[in-house]
Amino acid sequence: MIARTSLLVLLPVVAIFALTRRRRIVAVIGMATFSLLLSSVYLLLYAPDVAITEAAIGAALVTFIYVLAIRRTGRLVVVCDEAPGLLEREGGRIVGLEHAILTRFSRHLGLDLVVRFVPSEEAREMLGRGEADLAAGGIVAAQIEEGLCASTGFLETAFFHIEGPLPLTADRTVVPPAYFADLVEAIRHGRRVCVTLDLARFLAVSRLDLSRYRVSRLPGNDQYVFALQAENTELRRRLEAFLSDLRESGRLERLHERYVR
Amino acid sequence: MRRVSPAFVAVAFLLVICMCTAVVVLFDYEGPAPHAGAPYLRQAARDTGAANLVAGIVFDYRFYDTLFEILVFAVAVLGVRFYLAQVEPSAAAEQIPESRIVRISADLLFGPILLLGIYLVLHGHLSPGGGFAGGTVAGTGLLLCAVALGADIVAIRFHETLLERLEWLILLAILLVALVPALLGLAPLTGLLPRGAVGQPASAGPVLLLNVLVGAKVFIGAWAVTYAFSRHRGEI
């Protein structure tokens, strides 16, 4: 009697726990716990056949199918090239301002954030094919291509042109490296480079020896943005709402202080 | 995701609490009275040969119902196959990297889960369990493997085409088990096999046979549906 009553009291508690979770995977685990408790109730009510079926289907099979569905849909997939200070790998972790914003945004949506590092060209293609939800990693509004659209900016930036090593030759055809890390390697070894960099990447490069390269600041300023598919109006609306909320509440300012200054 | 209004949540919350309180307070069930079911249990065991009354009902007294349940399940699997066959198989999607924890626990758990499923099927006429529950348990074990290893690898290991044929053979066998006694003039539907001594592992012939057939059918059907979804609608 005591066992059954406590189980019956626990059932609505677990059900409400499952209903109120933001993260879907936690809600599904809550549902599985609910099924397991329910199957114990069946057992105590002398219905072992029903209990076995409830445990096999409610707690195991249904949970599995939910987990499979969530693996495809419950994620916010962000593709990016590494951008120092914005979105970079440090040891086993991913850190940076953009990562901080995206983590808060995905938590706000109840999704799991998945960051994939790819060359910036490929990032745009993946976004176009719908394999990713957002592109990040030091993207500025001016770079946004057709079919994609930009969020509002969250950080000022400027552009720098690096060319070298000196003396410059007439041949200016240099294929820019796919990954930012490759570019850093190229400059470190004094190989031929001709690129325009945004502020975050330039700051990382400026720690290297640039005496043999010609560096010039390009006129004009821009803003870092996130890129997303133009058709994805729902995500865009939510991202805009989230960013403006972040700005108005002063949290963006605090993130700037923590990651940028 | 739309936000649910707090008032709705509050009302639902209160409703659930009230209903649960009502269940706890009003429904003071202490199990069957010790003497009430005994004649039924004795009679059913004599009739069907199955110590587990539920198995006796499902596969003997009410086998006609169960037969159509099995057919409904088969039609559902067929429907999934038929409609997904018209969807282009999705290109080999990028495998979502699985953590070592999941892979190793899948390896460790697959055997015991399969064994439990087989036990539930083979022991279904003596103890709680039976073909439906056992087949689902074994199917879930296979699903666990599919999550950890990728659906295609499991499909190769378990010979997808062979399973598909086996599934229809099993359905044919179930129909034959139901039809043959009637044609031979035995007890309708389940008179084919001897019933044996109640409580022995080899007793309740028709119930045991049907448990095995249904267990295999549910196992293969559950896997076939999942695999069809994974192949046509993206990787598991």
# chains A, B, ... in the order shown; residues from 1 in each chain; ligands from 1
>>> closest_atom_pairs(of="chain A", to="chain B", cutoff="8 Å", atoms="only C-alpha atoms", output="CSV")
residue,atom,partner,partner_atom,distance
A:Met1,CA,B:Glu30,CA,7.7
A:Thr5,CA,B:Val24,CA,6.4
A:Leu8,CA,B:Val24,CA,6.9
A:Val9,CA,B:Cys20,CA,7.2
A:Pro12,CA,B:Val16,CA,6.7
A:Ile16,CA,B:Phe13,CA,7.5
A:Leu45,CA,B:Gly31,CA,6.0
A:Tyr46,CA,B:Gly31,CA,6.2
A:Pro48,CA,B:Pro128,CA,5.9
A:Asp49,CA,B:Pro128,CA,4.8
A:Ile52,CA,B:Gly129,CA,6.6
A:Thr53,CA,B:Ala133,CA,5.2
A:Ala56,CA,B:Val137,CA,5.6
A:Ile57,CA,B:Thr136,CA,7.0
A:Ala60,CA,B:Thr140,CA,6.9
A:Leu61,CA,B:Thr140,CA,5.7
A:Phe64,CA,B:Leu143,CA,7.8
A:Leu68,CA,B:Ile236,CA,6.1
>>> select_by_dssp(residues="stretch 49-106 of chain B", states="helix (DSSP H, G or I)", output="VMD selection string")
chain B and resid 53 to 61 63 to 85 100 to 106
>>> closest_residue(among="A:Ser206, A:Ser40, A:Thr33, A:Thr157", to="A:Leu86", atoms="only C-alpha atoms")
A:Thr157
>>> atom_distance(atom1="atom CA of A:Ser39", atom2="atom CA of B:Val225")
25.3 Å
>>> residues_around(residues="B:Asn211", least_positions_apart="3", cutoff="8 Å", atoms="only C-alpha atoms", output="JSON, numbers by chain")
{"B": [59, 121, 122, 124, 125, 130, 131, 132, 207, 208, 214, 215]}
>>> atom_distance(atom1="atom CA of A:Gly91", atom2="atom CA of A:Phe117")
14.6 Å
>>> atom_distance(atom1="atom CA of A:Ile25", atom2="atom CA of A:Ile94")
21.9 Å
>>> select_by_dssp(residues="stretch 90-192 of chain A", states="strand (DSSP E)", output="ChimeraX atom specification")
/A:90,93-95,112-117,134-140,148-150,155-164
>>> decode(residues="stretch 35-103 of chain B", atoms="C-alpha atoms", output="PDB file, in the first residue's frame")
ATOM      1  CA  HIS B  35      -9.906 -17.498  -3.668  1.00  0.00           C
ATOM      2  CA  ALA B  36     -11.758 -15.554  -6.358  1.00  0.00           C
ATOM      3  CA  GLY B  37      -9.706 -16.394  -9.422  1.00  0.00           C
ATOM      4  CA  ALA B  38      -8.621 -19.900  -8.507  1.00  0.00           C
ATOM      5  CA  PRO B  39     -11.388 -21.845 -10.322  1.00  0.00           C
ATOM      6  CA  TYR B  40     -10.819 -19.792 -13.459  1.00  0.00           C
ATOM      7  CA  LEU B  41      -7.071 -20.336 -13.293  1.00  0.00           C
ATOM      8  CA  ARG B  42      -7.504 -24.099 -12.791  1.00  0.00           C
ATOM      9  CA  GLN B  43     -10.049 -24.400 -15.559  1.00  0.00           C
ATOM     10  CA  ALA B  44      -8.005 -22.272 -17.976  1.00  0.00           C
ATOM     11  CA  ALA B  45      -4.858 -24.279 -17.270  1.00  0.00           C
ATOM     12  CA  ARG B  46      -6.767 -27.491 -18.013  1.00  0.00           C
ATOM     13  CA  ASP B  47      -8.236 -26.005 -21.202  1.00  0.00           C
ATOM     14  CA  THR B  48      -5.154 -24.400 -22.694  1.00  0.00           C
ATOM     15  CA  GLY B  49      -2.231 -26.111 -20.961  1.00  0.00           C
ATOM     16  CA  ALA B  50      -0.698 -22.708 -20.258  1.00  0.00           C
ATOM     17  CA  ALA B  51       0.204 -21.832 -16.677  1.00  0.00           C
ATOM     18  CA  ASN B  52       0.041 -18.147 -17.614  1.00  0.00           C
ATOM     19  CA  LEU B  53      -3.643 -17.339 -17.990  1.00  0.00           C
ATOM     20  CA  VAL B  54      -2.936 -14.249 -20.089  1.00  0.00           C
ATOM     21  CA  ALA B  55      -1.038 -16.299 -22.693  1.00  0.00           C
ATOM     22  CA  GLY B  56      -3.839 -18.853 -22.644  1.00  0.00           C
ATOM     23  CA  ILE B  57      -6.412 -16.158 -23.366  1.00  0.00           C
ATOM     24  CA  VAL B  58      -4.396 -14.375 -26.031  1.00  0.00           C
ATOM     25  CA  PHE B  59      -3.321 -17.464 -27.971  1.00  0.00           C
ATOM     26  CA  ASP B  60      -6.089 -19.922 -27.237  1.00  0.00           C
ATOM     27  CA  TYR B  61      -9.485 -18.683 -26.031  1.00  0.00           C
ATOM     28  CA  ARG B  62      -9.199 -15.437 -27.998  1.00  0.00           C
ATOM     29  CA  PHE B  63      -6.806 -16.487 -30.735  1.00  0.00           C
ATOM     30  CA  TYR B  64      -9.233 -15.279 -33.395  1.00  0.00           C
ATOM     31  CA  ASP B  65      -8.801 -11.705 -32.067  1.00  0.00           C
ATOM     32  CA  THR B  66      -5.055 -12.075 -31.830  1.00  0.00           C
ATOM     33  CA  LEU B  67      -4.852 -13.397 -35.380  1.00  0.00           C
ATOM     34  CA  PHE B  68      -6.347 -10.188 -36.696  1.00  0.00           C
ATOM     35  CA  GLU B  69      -4.117  -8.115 -34.425  1.00  0.00           C
ATOM     36  CA  ILE B  70      -1.153  -9.823 -36.038  1.00  0.00           C
ATOM     37  CA  LEU B  71      -2.604  -9.084 -39.464  1.00  0.00           C
ATOM     38  CA  VAL B  72      -3.081  -5.422 -38.519  1.00  0.00           C
ATOM     39  CA  PHE B  73       0.572  -5.286 -37.459  1.00  0.00           C
ATOM     40  CA  ALA B  74       1.659  -6.932 -40.717  1.00  0.00           C
ATOM     41  CA  VAL B  75      -0.411  -4.470 -42.750  1.00  0.00           C
ATOM     42  CA  ALA B  76       1.096  -1.561 -40.819  1.00  0.00           C
ATOM     43  CA  VAL B  77       4.619  -2.785 -41.595  1.00  0.00           C
ATOM     44  CA  LEU B  78       3.609  -3.315 -45.222  1.00  0.00           C
ATOM     45  CA  GLY B  79       2.172   0.204 -45.360  1.00  0.00           C
ATOM     46  CA  VAL B  80       5.377   1.759 -44.051  1.00  0.00           C
ATOM     47  CA  ARG B  81       7.388  -0.216 -46.612  1.00  0.00           C
ATOM     48  CA  PHE B  82       5.021   0.593 -49.456  1.00  0.00           C
ATOM     49  CA  TYR B  83       4.879   4.335 -48.876  1.00  0.00           C
ATOM     50  CA  LEU B  84       8.538   4.751 -48.032  1.00  0.00           C
ATOM     51  CA  ALA B  85       9.496   2.813 -51.173  1.00  0.00           C
ATOM     52  CA  GLN B  86       8.144   5.785 -53.134  1.00  0.00           C
ATOM     53  CA  VAL B  87      10.433   8.154 -51.263  1.00  0.00           C
ATOM     54  CA  GLU B  88      13.922   8.375 -52.704  1.00  0.00           C
ATOM     55  CA  PRO B  89      16.420   6.684 -50.399  1.00  0.00           C
ATOM     56  CA  SER B  90      18.254   9.531 -48.734  1.00  0.00           C
ATOM     57  CA  ALA B  91      21.893   9.876 -49.661  1.00  0.00           C
ATOM     58  CA  ALA B  92      24.230   8.362 -47.131  1.00  0.00           C
ATOM     59  CA  ALA B  93      23.916  11.049 -44.503  1.00  0.00           C
ATOM     60  CA  GLU B  94      26.900  11.912 -42.437  1.00  0.00           C
ATOM     61  CA  GLN B  95      27.108   9.491 -39.561  1.00  0.00           C
ATOM     62  CA  ILE B  96      26.523  11.260 -36.293  1.00  0.00           C
ATOM     63  CA  PRO B  97      29.585  10.368 -34.254  1.00  0.00           C
ATOM     64  CA  GLU B  98      28.529   8.240 -31.342  1.00  0.00           C
ATOM     65  CA  SER B  99      30.187   8.444 -27.983  1.00  0.00           C
ATOM     66  CA  ARG B 100      32.216   5.506 -26.737  1.00  0.00           C
ATOM     67  CA  ILE B 101      29.829   5.106 -23.829  1.00  0.00           C
ATOM     68  CA  VAL B 102      26.926   4.356 -26.151  1.00  0.00           C
ATOM     69  CA  ARG B 103      28.954   2.048 -28.382  1.00  0.00           C
TER      70      ARG B 103
END
